[in-house]
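**Q** One structure follows; several queries about it will come next.
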Amino acid sequence: MSYLPSRFFSLCRLLAAGMLCLMLASPASALYDPKPDASLSAAQGEWSGSLTYRDYSSPDKMVTLPTRMFISLSGPDEISLHFIFADGPAKTVYSYEKIGIYPLKKELTWSSGVSEKSLSIYQILADDVTDKGRKLVFEKRSDKGINRYTLEIGANVFVLSKDEIDAAGVATFRNRYLLSRPGVSAK
């Protein structure tokens, strides 16, 4: 009769291990995530082209850098952007950005950086979706004026431009990314 308690304890240990596994198992909540935004989903992949910007040290000088970018979805309404800039013969610069587009809230969030992280929230002024793609205009006010961006995403074109608008309402070009799919020229 001494085998009964050891068999009982073995069964209890097996039952306890099974219950522990059930408690630690993750629920399958990912099965119910929403479908991604069609324009953001279509933007996934590799892009190449240029970044042109007004030099801060010499405002009349324009600088253009060869640029590559990779886009991936990080949520149904968010994209992650990984930029690679050729900034001279022996200098490569990397940038990591995340953009979330929330049309119902008329809000766009933009987080930048790994070493020094920043988050900015912009107001969406226009969000036009056509059969050719999507065009967003968004801005953020600062103590110096307004930073206004225009983002155009199409099957083969990605354009992101920034204008700085001073207190008098005068817009000054700051920068523009002009990118296309490899093998397709951007217009």
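In the structure tokens, chains take the letters A, B, ... in the order shown, each chain's residues start at 1, and ligands count up from 1 in the order shown.
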Excluding range 172-179 of chain A and any residue of its chain fewer than 3 positions from it, enumerate the residues within 7 Å of it, using only C-alpha atoms, and give them as a ChimeraX atom specification.
**A** /A:47-54,157-165,186
**Q** What's the 9 Å shell around Ile79 in chain A, counting only C-alpha atoms, without same-chain residues fewer than 3 positions away, as a PyMOL selection string?
**A** chain A and resi 40-41+43-44+71-76+97-101
**Q** Taking the backbone alone, and naming residues the way the document does, which bits of chain A are strand (DSSP E or B) by DSSP, as JSON, numbers by chain?
**A** {"A": [45, 46, 47, 48, 49, 50, 51, 52, 53, 54, 62, 63, 64, 65, 66, 67, 68, 69, 70, 71, 72, 73, 74, 75, 78, 79, 80, 81, 82, 83, 84, 85, 86, 92, 93, 94, 95, 96, 97, 98, 99, 100, 101, 102, 107, 108, 109, 110, 111, 112, 118, 119, 120, 121, 122, 123, 124, 125, 126, 127, 128, 129, 130, 133, 134, 135, 136, 137, 138, 139, 140, 141, 142, 145, 146, 147, 148, 149, 150, 151, 152, 153, 154, 157, 158, 159, 160, 161, 162, 163, 164, 165, 171, 172, 173, 174, 175, 176, 177, 178, 179, 180]}
**Q** Determine, counting only C-alpha atoms, which protein, DNA and RNA residues have an atom within 6 Å of an atom of range 84-89 of chain A; residues of the same chain fewer than 5 positions away are not included. Present the result as a ChimeraX atom specification.
**A** /A:66-68,94
**Q** Pull N, CA and C atoms from the residues just selected and write them as a short mmCIF file (atom, residue, chain, number, x, y, z; two decimals), in the first residue's frame.
**A**
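Saved to selection.cif:
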data_model
loop_
_atom_site.label_atom_id
_atom_site.label_comp_id
_atom_site.auth_asym_id
_atom_site.auth_seq_id
_atom_site.Cartn_x
_atom_site.Cartn_y
_atom_site.Cartn_z
N PRO A 66 22.92 61.08 -51.56
CA PRO A 66 22.31 59.81 -51.97
C PRO A 66 21.70 59.14 -50.74
N THR A 67 20.50 58.61 -50.89
CA THR A 67 19.77 58.06 -49.75
C THR A 67 19.10 56.75 -50.10
N ARG A 68 19.15 55.83 -49.15
CA ARG A 68 18.37 54.58 -49.25
C ARG A 68 17.47 54.54 -48.04
N TYR A 94 23.13 56.86 -40.45
CA TYR A 94 21.92 56.05 -40.32
C TYR A 94 20.89 56.82 -39.51
#
**Q** Counting only C-alpha atoms, which of A:Ser115, A:Asp77, A:Met69, A:Glu152 gets nearest to Thr130 in chain A?
**A**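 Under the stated criterion, the closest residue is A:Glu152.
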**Q** Considering only C-alpha atoms, state which residue in the set A:Lys140, A:Ala42, A:Val170, A:Arg13 is at the smallest distance from Leu119 in chain A.
**A**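 The answer is A:Lys140, which sits nearest to Leu119 in chain A.
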**Q** Calculate how many Å separate CA of Ile153 in chain A from CA of Arg181 in chain A, rounding to one decimal.
**A**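 Distance between the two atoms: 11.4 Å.
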**Q** May I ask which of the residues A:Tyr56, A:Asp37, A:Ile121, A:Gly45 is the closest one to Ser80 in chain A, counting only C-alpha atoms?
**A**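 Among A:Tyr56, A:Asp37, A:Ile121, A:Gly45, it is A:Gly45 that comes nearest to Ser80 in chain A.
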**Q** From a DSSP pass on the backbone, collect the residues of range 4-175 of chain A flagged as helix (DSSP H, G or I) and hand them back as a ChimeraX atom specification.
**A** /A:4-24,29-32,38-42,103-105
**Q** Which residue, A:Ser111, A:Asp143, A:Tyr102, A:Val184, has the smallest gap to Ile124 in chain A when you use only C-alpha atoms?
**A** A:Tyr102
